[in-house]
file my_file.txt (compact mmCIF, C-alpha atoms and all ligand atoms)
# COMPACT_ATOMS: atom_id res chain seq x y z
CA MET A 23 76.62 -2.11 -75.33
CA THR A 24 78.24 -1.35 -72.00
CA THR A 25 78.85 2.19 -70.81
CA THR A 26 81.37 3.51 -68.32
CA SER A 27 79.76 6.14 -66.18
CA VAL A 28 80.75 8.26 -63.20
CA ARG A 29 78.06 8.60 -60.55
CA ALA A 30 77.60 10.15 -57.15
CA ARG A 31 76.93 8.25 -53.96
CA PHE A 32 75.42 9.90 -50.90
CA LEU A 33 77.04 8.37 -47.84
CA GLY A 34 75.07 10.28 -45.20
CA ASP A 35 75.98 13.22 -42.94
CA GLY A 36 76.51 15.40 -45.99
CA ARG A 37 79.24 13.24 -47.55
CA ILE A 38 79.28 12.64 -51.31
CA ASP A 39 81.56 10.16 -53.04
CA PHE A 40 82.00 9.35 -56.72
CA GLU A 41 82.37 5.95 -58.33
CA ARG A 42 83.06 4.79 -61.87
CA ALA A 43 80.52 2.12 -62.80
CA THR A 44 80.20 -0.12 -65.83
CA LEU A 45 76.60 -0.24 -66.98
CA GLY A 46 75.69 -3.48 -68.76
CA PRO A 47 73.37 -3.77 -71.76
CA VAL A 48 70.15 -1.73 -71.40
CA ALA A 49 67.27 -3.81 -70.03
CA ASN A 50 64.10 -4.51 -72.02
CA GLY A 51 61.74 -1.56 -72.15
CA GLN A 52 64.37 0.89 -70.90
CA VAL A 53 66.44 3.66 -72.37
CA ARG A 54 69.92 4.81 -71.39
CA VAL A 55 70.01 8.55 -70.98
CA ARG A 56 73.14 10.68 -71.02
CA VAL A 57 72.41 13.17 -68.24
CA ASP A 58 72.81 16.60 -69.83
CA VAL A 59 71.22 18.51 -66.95
CA CYS A 60 70.27 17.38 -63.44
CA ALA A 61 68.93 19.98 -61.04
CA LEU A 62 69.33 19.81 -57.29
CA CYS A 63 66.06 19.76 -55.38
CA GLY A 64 65.38 20.83 -51.80
CA SER A 65 64.15 17.32 -51.10
CA ASP A 66 67.63 15.95 -51.96
CA LYS A 67 68.89 17.55 -48.75
CA ARG A 68 67.12 14.77 -46.86
CA LEU A 69 69.13 12.16 -48.79
CA LEU A 70 72.33 14.13 -48.21
CA ARG A 71 71.72 13.78 -44.48
CA SER A 72 70.50 10.19 -44.45
CA GLY A 73 72.54 8.70 -47.28
CA SER A 74 70.97 6.74 -50.12
CA PRO A 75 71.33 3.17 -51.43
CA VAL A 76 70.66 4.46 -54.98
CA VAL A 77 72.13 7.32 -57.00
CA PRO A 78 70.03 10.40 -56.11
CA GLY A 79 68.97 13.17 -58.51
CA HIS A 80 65.43 13.36 -59.89
CA GLU A 81 65.20 16.49 -62.04
CA ILE A 82 66.83 15.10 -65.15
CA ALA A 83 67.04 16.21 -68.78
CA GLY A 84 69.17 14.31 -71.23
CA THR A 85 69.67 12.50 -74.49
CA VAL A 86 68.96 8.85 -75.28
CA VAL A 87 72.24 7.10 -76.13
CA ASP A 88 71.09 3.46 -76.17
CA VAL A 89 67.85 1.48 -75.87
CA GLY A 90 66.80 -1.97 -74.73
CA ALA A 91 64.60 -4.46 -76.59
CA ASP A 92 60.98 -3.48 -77.28
CA VAL A 93 61.78 0.23 -77.29
CA THR A 94 60.80 2.46 -80.20
CA VAL A 95 62.33 5.70 -78.86
CA PRO A 96 65.10 6.69 -81.29
CA VAL A 97 68.67 7.14 -80.07
CA GLY A 98 69.35 10.87 -79.96
CA THR A 99 65.91 11.76 -78.53
CA ARG A 100 66.11 14.67 -76.07
CA GLY A 101 63.87 14.24 -73.08
CA ILE A 102 63.06 15.00 -69.48
CA VAL A 103 62.65 12.14 -67.03
CA TYR A 104 59.30 11.59 -65.32
CA ILE A 105 60.13 10.33 -61.86
CA PRO A 106 57.13 8.19 -60.84
CA VAL A 107 57.56 4.78 -62.47
CA PHE A 108 53.90 4.39 -63.33
CA CYS A 109 52.47 1.07 -64.52
CA GLY A 110 50.84 2.42 -67.68
CA THR A 111 47.93 -0.03 -67.48
CA CYS A 112 45.83 0.66 -64.35
CA ARG A 113 42.61 2.67 -64.68
CA ARG A 114 44.31 5.89 -63.58
CA CYS A 115 47.19 5.48 -66.04
CA ALA A 116 44.75 4.53 -68.81
CA ALA A 117 42.95 7.84 -68.19
CA GLY A 118 46.25 9.74 -68.50
CA ARG A 119 46.51 10.35 -64.74
CA THR A 120 49.90 8.77 -64.39
CA ASN A 121 50.71 10.65 -61.16
CA GLN A 122 47.76 8.78 -59.62
CA CYS A 123 49.00 5.33 -60.71
CA LEU A 124 47.47 2.70 -58.45
CA HIS A 125 50.62 0.58 -58.64
CA LEU A 126 53.20 3.27 -58.05
CA ARG A 127 56.21 1.68 -56.40
CA GLU A 128 59.36 3.50 -57.41
CA LEU A 129 60.47 7.06 -57.89
CA ILE A 130 63.56 7.67 -59.97
CA GLY A 131 66.33 9.10 -57.77
CA TRP A 132 64.61 7.77 -54.66
CA GLN A 133 64.07 4.01 -54.99
CA ARG A 134 66.10 3.50 -58.18
CA ASP A 135 69.14 5.23 -59.61
CA GLY A 136 68.73 8.86 -60.60
CA GLY A 137 70.62 11.60 -62.34
CA PHE A 138 73.64 12.66 -60.30
CA ALA A 139 75.62 10.61 -62.79
CA GLU A 140 76.82 10.70 -66.35
CA HIS A 141 74.15 8.19 -67.41
CA VAL A 142 70.93 6.76 -66.05
CA ASP A 143 68.71 3.94 -67.32
CA VAL A 144 64.97 4.64 -67.08
CA PRO A 145 61.79 2.98 -68.37
CA ALA A 146 61.11 4.27 -71.88
CA ARG A 147 57.65 5.51 -70.82
CA CYS A 148 59.29 7.80 -68.24
CA LEU A 149 61.22 9.67 -70.93
CA LEU A 150 59.15 12.66 -72.05
CA PRO A 151 60.46 14.00 -75.37
CA VAL A 152 61.31 17.71 -75.40
CA PRO A 153 60.26 19.90 -78.34
CA ASP A 154 63.18 21.16 -80.46
CA ASP A 155 62.61 24.81 -79.53
CA VAL A 156 62.91 24.23 -75.77
CA PRO A 157 66.51 24.03 -74.50
CA LEU A 158 67.22 21.29 -71.97
CA ASP A 159 68.26 23.74 -69.23
CA THR A 160 64.74 25.19 -69.46
CA ALA A 161 62.97 21.88 -70.11
CA VAL A 162 64.26 20.50 -66.81
CA LEU A 163 62.15 23.15 -65.05
CA GLY A 164 59.10 21.43 -66.57
CA LEU A 165 59.44 18.81 -63.83
CA ASP A 166 59.40 19.84 -60.16
CA THR A 167 59.32 23.60 -60.76
CA VAL A 168 56.65 24.27 -63.39
CA GLY A 169 55.11 20.79 -63.81
CA THR A 170 54.28 20.46 -60.11
CA ALA A 171 53.20 24.11 -59.79
CA ALA A 172 50.93 24.00 -62.84
CA HIS A 173 49.29 20.74 -61.82
CA ALA A 174 48.55 22.08 -58.34
CA LEU A 175 46.92 25.14 -59.92
CA ARG A 176 44.94 22.98 -62.34
CA LEU A 177 43.55 20.92 -59.45
CA TRP A 178 42.74 24.11 -57.56
CA GLN A 179 41.00 25.60 -60.63
CA ARG A 180 38.34 22.92 -60.29
CA THR A 181 37.40 24.47 -56.94
CA GLN A 182 37.33 28.04 -58.28
CA PRO A 183 36.83 27.94 -62.05
CA ASP A 184 36.37 31.72 -62.26
CA GLY A 185 39.79 32.43 -60.79
CA VAL A 186 40.62 34.88 -58.02
CA ASP A 187 41.88 38.44 -57.79
CA ARG A 188 44.67 37.83 -55.32
CA ALA A 189 46.64 34.89 -54.08
CA LEU A 190 49.40 34.45 -51.53
CA VAL A 191 52.40 32.20 -52.05
CA ILE A 192 54.23 31.33 -48.83
CA GLY A 193 57.79 30.18 -49.51
CA ALA A 194 59.72 31.54 -52.49
CA GLY A 195 61.98 28.60 -53.24
CA PRO A 196 62.04 27.17 -56.78
CA LEU A 197 58.55 25.63 -56.53
CA GLY A 198 57.05 28.76 -54.99
CA LEU A 199 58.63 30.83 -57.74
CA GLY A 200 57.24 28.39 -60.30
CA VAL A 201 53.78 29.09 -58.86
CA VAL A 202 54.43 32.86 -59.00
CA ALA A 203 55.53 32.61 -62.63
CA VAL A 204 52.57 30.61 -63.97
CA ALA A 205 49.69 31.60 -61.66
CA GLY A 206 48.42 34.21 -64.12
CA ALA A 207 47.88 31.50 -66.72
CA PHE A 208 45.38 29.85 -64.34
CA GLY A 209 43.18 32.81 -63.56
CA VAL A 210 45.01 34.35 -60.63
CA GLY A 211 45.01 38.14 -60.89
CA GLU A 212 47.79 39.20 -58.55
CA VAL A 213 50.19 37.19 -56.46
CA ASP A 214 51.59 38.27 -53.12
CA ALA A 215 54.63 36.41 -51.87
CA PHE A 216 56.11 35.85 -48.44
CA ASP A 217 59.52 34.48 -47.57
CA PRO A 218 61.68 35.34 -44.56
CA HIS A 219 64.77 35.18 -46.84
CA GLU A 220 65.14 38.62 -48.45
CA GLY A 221 66.87 37.38 -51.59
CA ARG A 222 64.15 34.85 -52.27
CA LEU A 223 61.42 37.40 -51.73
CA ALA A 224 63.22 39.83 -54.04
CA THR A 225 63.30 37.15 -56.75
CA ALA A 226 59.56 36.59 -56.36
CA VAL A 227 59.02 40.32 -56.76
CA ASP A 228 61.30 40.30 -59.78
CA LEU A 229 59.03 37.62 -61.29
CA GLY A 230 55.97 39.81 -60.82
CA ALA A 231 54.79 39.14 -57.26
CA ARG A 232 54.14 41.78 -54.62
CA ALA A 233 55.76 41.45 -51.21
CA ALA A 234 52.99 40.43 -48.81
CA GLY A 235 52.10 42.85 -46.03
CA ASP A 236 50.99 41.94 -42.54
CA LEU A 237 49.72 38.37 -42.39
CA ALA A 238 48.29 38.62 -38.89
CA ALA A 239 44.68 39.31 -39.91
CA GLU A 240 42.26 36.58 -40.98
CA ASN A 241 40.43 36.29 -44.33
CA GLN A 242 42.89 38.06 -46.62
CA TYR A 243 43.18 35.72 -49.62
CA ASP A 244 40.91 33.47 -51.67
CA LEU A 245 43.90 31.32 -52.57
CA VAL A 246 46.92 30.55 -50.42
CA VAL A 247 49.69 28.33 -51.77
CA GLU A 248 51.80 26.94 -48.92
CA VAL A 249 55.13 25.83 -50.33
CA SER A 250 57.46 26.01 -47.33
CA GLY A 251 56.31 23.01 -45.29
CA ALA A 252 56.98 24.91 -42.05
CA ALA A 253 54.39 24.52 -39.29
CA ALA A 254 54.18 28.29 -38.81
CA ALA A 255 53.51 28.78 -42.53
CA ARG A 256 50.74 26.19 -42.50
CA GLU A 257 49.17 28.02 -39.56
CA THR A 258 49.44 31.31 -41.45
CA ALA A 259 47.80 29.76 -44.52
CA GLN A 260 44.87 28.58 -42.42
CA ARG A 261 44.49 32.04 -40.90
CA VAL A 262 44.70 34.24 -43.99
CA VAL A 263 42.56 32.11 -46.30
CA ALA A 264 39.08 33.58 -46.65
CA PRO A 265 36.00 31.37 -46.20
CA GLY A 266 35.12 29.93 -49.60
CA GLY A 267 38.76 29.99 -50.63
CA ALA A 268 41.41 27.30 -50.91
CA VAL A 269 44.76 26.35 -49.45
CA ILE A 270 47.07 24.45 -51.77
CA ALA A 271 49.33 22.34 -49.55
CA LEU A 272 52.52 21.88 -51.55
CA GLY A 273 55.25 22.26 -48.93
CA GLU A 274 56.88 18.99 -47.97
CA SER A 275 58.88 18.71 -44.79
CA ASP A 276 59.54 16.09 -42.19
CA GLU A 277 57.10 17.84 -39.88
CA PRO A 278 53.65 16.25 -39.69
CA TYR A 279 50.92 18.23 -41.42
CA THR A 280 48.55 18.89 -38.57
CA MET A 281 45.22 20.67 -38.65
CA PRO A 282 44.59 21.59 -35.04
CA ALA A 283 40.82 21.85 -34.63
CA THR A 284 40.91 25.44 -33.41
CA PRO A 285 37.73 27.53 -33.34
CA ARG A 286 39.00 29.29 -36.46
CA TRP A 287 39.54 25.99 -38.30
CA ARG A 288 36.14 24.64 -37.25
CA ARG A 289 34.29 27.61 -38.67
CA THR A 290 36.19 28.02 -41.92
CA ASP A 291 34.45 26.61 -45.00
CA CYS A 292 37.27 26.11 -47.51
CA TYR A 293 39.15 23.69 -49.72
CA THR A 294 42.46 22.09 -48.91
CA VAL A 295 44.13 20.87 -52.11
CA ARG A 296 47.04 18.48 -52.00
CA SER A 297 48.67 17.47 -55.27
CA PHE A 298 51.51 15.19 -56.30
CA TYR A 299 53.77 16.00 -59.27
CA PHE A 300 51.78 16.08 -62.53
CA PRO A 301 50.24 13.64 -65.02
CA THR A 302 51.96 13.06 -68.37
CA SER A 303 48.74 14.26 -70.03
CA GLU A 304 49.63 17.83 -68.93
CA VAL A 305 53.10 17.87 -70.45
CA GLU A 306 52.08 19.33 -73.82
CA ALA A 307 50.39 22.31 -72.16
CA ASN A 308 53.38 22.75 -69.86
CA TRP A 309 55.71 23.29 -72.84
CA ASP A 310 53.67 26.39 -73.65
CA LEU A 311 54.07 27.63 -70.06
CA LEU A 312 57.82 27.07 -70.37
CA ARG A 313 57.96 28.90 -73.69
CA ASP A 314 56.36 31.88 -71.93
CA HIS A 315 58.04 31.74 -68.52
CA GLY A 316 60.88 29.21 -68.68
CA ALA A 317 63.71 31.55 -69.61
CA ALA A 318 62.80 34.03 -66.85
CA LEU A 319 62.81 31.22 -64.29
CA ARG A 320 65.98 29.62 -65.62
CA ASP A 321 67.89 32.91 -65.59
CA ARG A 322 66.90 33.67 -62.00
CA LEU A 323 67.02 30.20 -60.47
CA THR A 324 69.64 28.01 -62.01
CA VAL A 325 73.40 27.96 -61.58
CA PRO A 326 75.29 25.56 -63.87
CA VAL A 327 77.92 23.39 -62.17
CA THR A 328 79.74 20.20 -63.15
CA LEU A 329 79.16 16.76 -61.64
CA ALA A 330 82.55 16.98 -59.92
CA GLU A 331 81.40 20.21 -58.26
CA LEU A 332 78.33 18.52 -56.74
CA PRO A 333 79.62 18.52 -53.11
CA ASP A 334 80.41 22.24 -53.25
CA ALA A 335 77.14 23.01 -55.02
CA PHE A 336 75.22 21.18 -52.30
CA ALA A 337 77.06 23.09 -49.59
CA ARG A 338 76.08 26.39 -51.20
CA PHE A 339 72.56 25.12 -51.82
CA VAL A 340 72.13 24.10 -48.18
CA ALA A 341 73.55 27.48 -47.08
CA GLY A 342 70.92 29.21 -49.21
CA ASP A 343 73.44 30.83 -51.60
CA TYR A 344 72.08 28.97 -54.65
CA PHE A 345 68.42 28.61 -55.66
CA LYS A 346 68.78 25.69 -57.99
CA PRO A 347 72.22 24.46 -58.97
CA CYS A 348 72.10 22.30 -62.09
CA ILE A 349 74.69 19.72 -62.98
CA VAL A 350 75.36 20.40 -66.64
CA SER A 351 77.30 17.82 -68.61
CA GLU A 352 80.29 19.01 -70.59
CA ASP A 353 78.90 16.89 -73.48
CA ALA A 354 75.52 18.66 -73.35
CA PRO A 355 74.41 20.15 -76.67
ZN ZN A 401 62.36 17.63 -56.58
ZN ZN A 402 49.17 2.77 -63.22
call {"tool": "encode", "arguments": {"input": "my_file.txt", "output": "structure tokens", "more": "lines below"}}
Ligand SMILES: [Zn+2]
Ligand SMILES: [Zn+2]
result
Amino acid sequence: MTTTSVRARFLGDGRIDFERATLGPVANGQVRVRVDVCALCGSDKRLLRSGSPVVPGHEIAGTVVDVGADVTVPVGTRGIVYIPVFCGTCRRCAAGRTNQCLHLRELIGWQRDGGFAEHVDVPARCLLPVPDDVPLDTAVLGLDTVGTAAHALRLWQRTQPDGVDRALVIGAGPLGLGVVAVAGAFGVGEVDAFDPHEGRLATAVDLGARAAGDLAAENQYDLVVEVSGAAAARETAQRVVAPGGAVIALGESDEPYTMPATPRWRRTDCYTVRSFYFPTSEVEANWDLLRDHGAALRDRLTVPVTLAELPDAFARFVAGDYFKPCIVSEDAP
């Protein structure tokens, strides 16, 4: 079956164009997904600037409309799309640690076509079925927002299995807010938040965080989650973490992550935890987190827009007016 599908092209310098493509029969082992929801991610801003040879968009929820040979996923399955195209056979994948795949080559929306389109073909193993009681506009937050946040906290928990009384989250964008929302489920007592943008900070407070006070003094927190990627924030994290504590380094920016060997750094005994996305083995547990916290996050973060409104949505997103615009298909259930 062929499918006619409108999709976005990022031309660079902030320009977005649309094209109508004819998708041929679905390849072996793949499924064709009607994109019901595709969220914009801060990292997409890089592609907006640079342009992209593939269709961007990597926070995708949708419905299977066609399948290739050797696929047992039924047409009509609702799912979210797991972006790392993992091999499924290496020792990491075999242990369920698909985000640690030793043969990871492609990310959906980065090296192969993603979700700023009416349809996208993905490997069947990258489609994670969504339970019936979780709506797709909430399920999509199980990817970069809650999936990534929860995995980072699970990795960190191995360093401090008894939890901590207080943590600091630096950067209250969608991922930082995901951390704020689910931290309690991982043994964090109270969360302070810092963000120079008042609206973002207010949203963190609305989700249960306290606005952080003065961050000039050393040794204030046993856990610091750095989500902004800014050099100054990384410096702050290193300063306010208490010896014996941990810094979770989640913020991604084009700036190099440097650890200047200052006297303070040399005499601080602590963990630095860096995580990537989440393994598929955590998805079941993440549905429970979304049942508890998904609606609160969705209502505060997401703004539904249509695919045709993508250029305007990006402009507002870049300007900081929107937290997380989501392209919602008019055909979405
Ligand atoms: Zn993302
Ligand atoms: Zn693998």
call {"tool": "residues_near_ligand", "arguments": {"input": "my_file.txt", "ligand": "ligand ZN 402 (chain A)", "cutoff": "6 Å", "atoms": "only C-alpha atoms and all ligand atoms", "output": "PyMOL selection string"}}
result
chain A and resi 108-112+114-115+123-125
call {"tool": "residues_near_ligand", "arguments": {"input": "my_file.txt", "ligand": "ligand ZN 401 (chain A)", "cutoff": "6 Å", "atoms": "only C-alpha atoms and all ligand atoms", "output": "list in words"}}
result
Cys63, Ser65 and Asp166 of chain A
call {"tool": "closest_residue", "arguments": {"input": "my_file.txt", "among": "A:Asp155, A:Asp35, A:Glu140, A:Asp236", "to": "Arg313 (chain A)", "atoms": "all atoms listed in the file"}}
result
A:Asp155
call {"tool": "closest_residue", "arguments": {"input": "my_file.txt", "among": "A:Asp143, A:Glu220, A:Asp353, A:Asp214", "to": "Val246 (chain A)", "atoms": "all atoms listed in the file"}}
result
A:Asp214
call {"tool": "axis_aligned_box", "arguments": {"input": "my_file.txt", "around": "region 268-287 of chain A", "padding_each_side": "6 Å", "output": "lines of an AutoDock Vina configuration file"}}
result
center_x = 48.6
center_y = 22.7
center_z = -42.6
size_x = 33.8
size_y = 25.2
size_z = 30.4
call {"tool": "closest_residue", "arguments": {"input": "my_file.txt", "among": "A:Pro333, A:Gly266, A:Gly273, A:Pro326", "to": "Ala252 (chain A)", "atoms": "only C-alpha atoms"}}
result
A:Gly273
call {"tool": "residues_near_point", "arguments": {"input": "my_file.txt", "point": "(46.4, 25.2, -47.6)", "cutoff": "6 Å", "atoms": "all atoms listed in the file", "output": "ChimeraX atom specification"}}
result
/A:248,259,269-271,294
call {"tool": "residues_near_point", "arguments": {"input": "my_file.txt", "point": "(35.8, 24.9, -54.9)", "cutoff": "8 Å", "atoms": "only C-alpha atoms", "output": "list in words"}}
result
Trp178, Gln179, Arg180, Thr181, Gln182, Pro183, Gly266, Gly267, Ala268, Cys292 and Tyr293 of chain A
call {"tool": "atom_distance", "arguments": {"input": "my_file.txt", "atom1": "CA of Ala205 (chain A)", "atom2": "CA of Gly342 (chain A)"}}
result
24.7 Å
call {"tool": "residues_around", "arguments": {"input": "my_file.txt", "residues": "Cys60 (chain A)", "least_positions_apart": "5", "cutoff": "10 Å", "atoms": "only C-alpha atoms", "output": "list of chain:residue names"}}
result
A:Gly79, A:His80, A:Glu81, A:Ile82, A:Ala83, A:Gly84, A:Ile102, A:Val103, A:Gly136, A:Gly137, A:Phe138, A:Ala139, A:Glu140, A:Leu158, A:Asp159, A:Val162, A:Pro326, A:Val327, A:Thr328, A:Leu329, A:Pro347, A:Cys348, A:Ile349, A:Val350, A:Ser351
call {"tool": "write_last_selection", "arguments": {"input": "my_file.txt", "atoms": "C-alpha atoms", "output": "mmCIF file, keeping the file's coordinate frame"}}
result
data_model
loop_
_atom_site.group_PDB
_atom_site.id
_atom_site.type_symbol
_atom_site.label_atom_id
_atom_site.label_comp_id
_atom_site.auth_asym_id
_atom_site.auth_seq_id
_atom_site.Cartn_x
_atom_site.Cartn_y
_atom_site.Cartn_z
ATOM 1 C CA GLY A 79 68.970 13.170 -58.510
ATOM 2 C CA HIS A 80 65.430 13.360 -59.890
ATOM 3 C CA GLU A 81 65.200 16.490 -62.040
ATOM 4 C CA ILE A 82 66.830 15.100 -65.150
ATOM 5 C CA ALA A 83 67.040 16.210 -68.780
ATOM 6 C CA GLY A 84 69.170 14.310 -71.230
ATOM 7 C CA ILE A 102 63.060 15.000 -69.480
ATOM 8 C CA VAL A 103 62.650 12.140 -67.030
ATOM 9 C CA GLY A 136 68.730 8.860 -60.600
ATOM 10 C CA GLY A 137 70.620 11.600 -62.340
ATOM 11 C CA PHE A 138 73.640 12.660 -60.300
ATOM 12 C CA ALA A 139 75.620 10.610 -62.790
ATOM 13 C CA GLU A 140 76.820 10.700 -66.350
ATOM 14 C CA LEU A 158 67.220 21.290 -71.970
ATOM 15 C CA ASP A 159 68.260 23.740 -69.230
ATOM 16 C CA VAL A 162 64.260 20.500 -66.810
ATOM 17 C CA PRO A 326 75.290 25.560 -63.870
ATOM 18 C CA VAL A 327 77.920 23.390 -62.170
ATOM 19 C CA THR A 328 79.740 20.200 -63.150
ATOM 20 C CA LEU A 329 79.160 16.760 -61.640
ATOM 21 C CA PRO A 347 72.220 24.460 -58.970
ATOM 22 C CA CYS A 348 72.100 22.300 -62.090
ATOM 23 C CA ILE A 349 74.690 19.720 -62.980
ATOM 24 C CA VAL A 350 75.360 20.400 -66.640
ATOM 25 C CA SER A 351 77.300 17.820 -68.610
#
call {"tool": "closest_residue", "arguments": {"input": "my_file.txt", "among": "A:Val55, A:Val247, A:Val340, A:Leu70", "to": "Pro151 (chain A)", "atoms": "all atoms listed in the file"}}
result
A:Val55
call {"tool": "closest_residue", "arguments": {"input": "my_file.txt", "among": "A:Leu150, A:Ala233, A:Leu332, A:Ala172", "to": "Ala189 (chain A)", "atoms": "only C-alpha atoms"}}
result
A:Ala233
call {"tool": "closest_residue", "arguments": {"input": "my_file.txt", "among": "A:Glu277, A:Glu41, A:Asp291, A:Asp66", "to": "Gly131 (chain A)", "atoms": "only C-alpha atoms"}}
result
A:Asp66
call {"tool": "atom_distance", "arguments": {"input": "my_file.txt", "atom1": "CA of Val93 (chain A)", "atom2": "CA of Gly51 (chain A)"}}
result
5.4 Å
call {"tool": "atom_distance", "arguments": {"input": "my_file.txt", "atom1": "CA of Arg31 (chain A)", "atom2": "CA of Lys346 (chain A)"}}
result
19.7 Å
call {"tool": "decode", "arguments": {"input": "my_file.txt", "residues": "region 131-138 of chain A", "atoms": "all heavy atoms", "output": "PDB file, in the first residue's frame"}}
result
ATOM      1  N   GLY A 131      14.256  10.852  13.696  1.00  0.00           N
ATOM      2  CA  GLY A 131      14.134  12.313  13.722  1.00  0.00           C
ATOM      3  C   GLY A 131      15.477  13.017  13.652  1.00  0.00           C
ATOM      4  O   GLY A 131      15.542  14.240  13.605  1.00  0.00           O
ATOM      5  N   TRP A 132      16.539  12.236  13.679  1.00  0.00           N
ATOM      6  CA  TRP A 132      17.896  12.803  13.597  1.00  0.00           C
ATOM      7  C   TRP A 132      18.655  12.241  12.401  1.00  0.00           C
ATOM      8  O   TRP A 132      19.164  12.994  11.580  1.00  0.00           O
ATOM      9  CB  TRP A 132      18.681  12.510  14.886  1.00  0.00           C
ATOM     10  CG  TRP A 132      18.124  13.255  16.045  1.00  0.00           C
ATOM     11  CD1 TRP A 132      17.203  12.806  16.945  1.00  0.00           C
ATOM     12  CD2 TRP A 132      18.397  14.617  16.410  1.00  0.00           C
ATOM     13  NE1 TRP A 132      16.899  13.799  17.845  1.00  0.00           N
ATOM     14  CE2 TRP A 132      17.621  14.914  17.549  1.00  0.00           C
ATOM     15  CE3 TRP A 132      19.243  15.613  15.895  1.00  0.00           C
ATOM     16  CZ2 TRP A 132      17.649  16.165  18.170  1.00  0.00           C
ATOM     17  CZ3 TRP A 132      19.280  16.852  16.518  1.00  0.00           C
ATOM     18  CH2 TRP A 132      18.494  17.118  17.640  1.00  0.00           C
ATOM     19  N   GLN A 133      18.743  10.909  12.305  1.00  0.00           N
ATOM     20  CA  GLN A 133      19.436  10.305  11.167  1.00  0.00           C
ATOM     21  C   GLN A 133      18.468   9.607  10.221  1.00  0.00           C
ATOM     22  O   GLN A 133      18.854   9.125   9.169  1.00  0.00           O
ATOM     23  CB  GLN A 133      20.506   9.305  11.637  1.00  0.00           C
ATOM     24  CG  GLN A 133      21.758   9.963  12.191  1.00  0.00           C
ATOM     25  CD  GLN A 133      21.581  10.433  13.617  1.00  0.00           C
ATOM     26  OE1 GLN A 133      20.915   9.779  14.404  1.00  0.00           O
ATOM     27  NE2 GLN A 133      22.139  11.591  13.935  1.00  0.00           N
ATOM     28  N   ARG A 134      17.200   9.465  10.631  1.00  0.00           N
ATOM     29  CA  ARG A 134      16.179   8.960   9.711  1.00  0.00           C
ATOM     30  C   ARG A 134      14.890   9.722   9.994  1.00  0.00           C
ATOM     31  O   ARG A 134      14.763  10.358  11.036  1.00  0.00           O
ATOM     32  CB  ARG A 134      15.987   7.445   9.844  1.00  0.00           C
ATOM     33  CG  ARG A 134      15.636   6.970  11.235  1.00  0.00           C
ATOM     34  CD  ARG A 134      15.418   5.472  11.262  1.00  0.00           C
ATOM     35  NE  ARG A 134      14.150   5.101  10.648  1.00  0.00           N
ATOM     36  CZ  ARG A 134      13.890   3.909  10.122  1.00  0.00           C
ATOM     37  NH1 ARG A 134      14.820   2.966  10.127  1.00  0.00           N
ATOM     38  NH2 ARG A 134      12.722   3.641   9.595  1.00  0.00           N
ATOM     39  N   ASP A 135      13.961   9.642   9.065  1.00  0.00           N
ATOM     40  CA  ASP A 135      12.775  10.502   9.131  1.00  0.00           C
ATOM     41  C   ASP A 135      12.025  10.352  10.443  1.00  0.00           C
ATOM     42  O   ASP A 135      11.843   9.248  10.968  1.00  0.00           O
ATOM     43  CB  ASP A 135      11.829  10.185   7.970  1.00  0.00           C
ATOM     44  CG  ASP A 135      12.355  10.704   6.637  1.00  0.00           C
ATOM     45  OD1 ASP A 135      13.245  11.586   6.655  1.00  0.00           O
ATOM     46  OD2 ASP A 135      11.885  10.220   5.589  1.00  0.00           O
ATOM     47  N   GLY A 136      11.575  11.502  10.949  1.00  0.00           N
ATOM     48  CA  GLY A 136      10.829  11.550  12.195  1.00  0.00           C
ATOM     49  C   GLY A 136       9.401  12.022  11.988  1.00  0.00           C
ATOM     50  O   GLY A 136       8.806  11.821  10.927  1.00  0.00           O
ATOM     51  N   GLY A 137       8.868  12.664  13.015  1.00  0.00           N
ATOM     52  CA  GLY A 137       7.430  12.816  13.153  1.00  0.00           C
ATOM     53  C   GLY A 137       6.793  14.137  12.783  1.00  0.00           C
ATOM     54  O   GLY A 137       5.592  14.294  12.987  1.00  0.00           O
ATOM     55  N   PHE A 138       7.543  15.104  12.249  1.00  0.00           N
ATOM     56  CA  PHE A 138       6.867  16.325  11.794  1.00  0.00           C
ATOM     57  C   PHE A 138       6.289  16.042  10.408  1.00  0.00           C
ATOM     58  O   PHE A 138       6.738  16.570   9.382  1.00  0.00           O
ATOM     59  CB  PHE A 138       7.817  17.520  11.779  1.00  0.00           C
ATOM     60  CG  PHE A 138       8.266  17.944  13.153  1.00  0.00           C
ATOM     61  CD1 PHE A 138       9.556  18.402  13.382  1.00  0.00           C
ATOM     62  CD2 PHE A 138       7.386  17.888  14.235  1.00  0.00           C
ATOM     63  CE1 PHE A 138       9.965  18.781  14.649  1.00  0.00           C
ATOM     64  CE2 PHE A 138       7.785  18.268  15.511  1.00  0.00           C
ATOM     65  CZ  PHE A 138       9.081  18.709  15.713  1.00  0.00           C
TER      66      PHE A 138
END
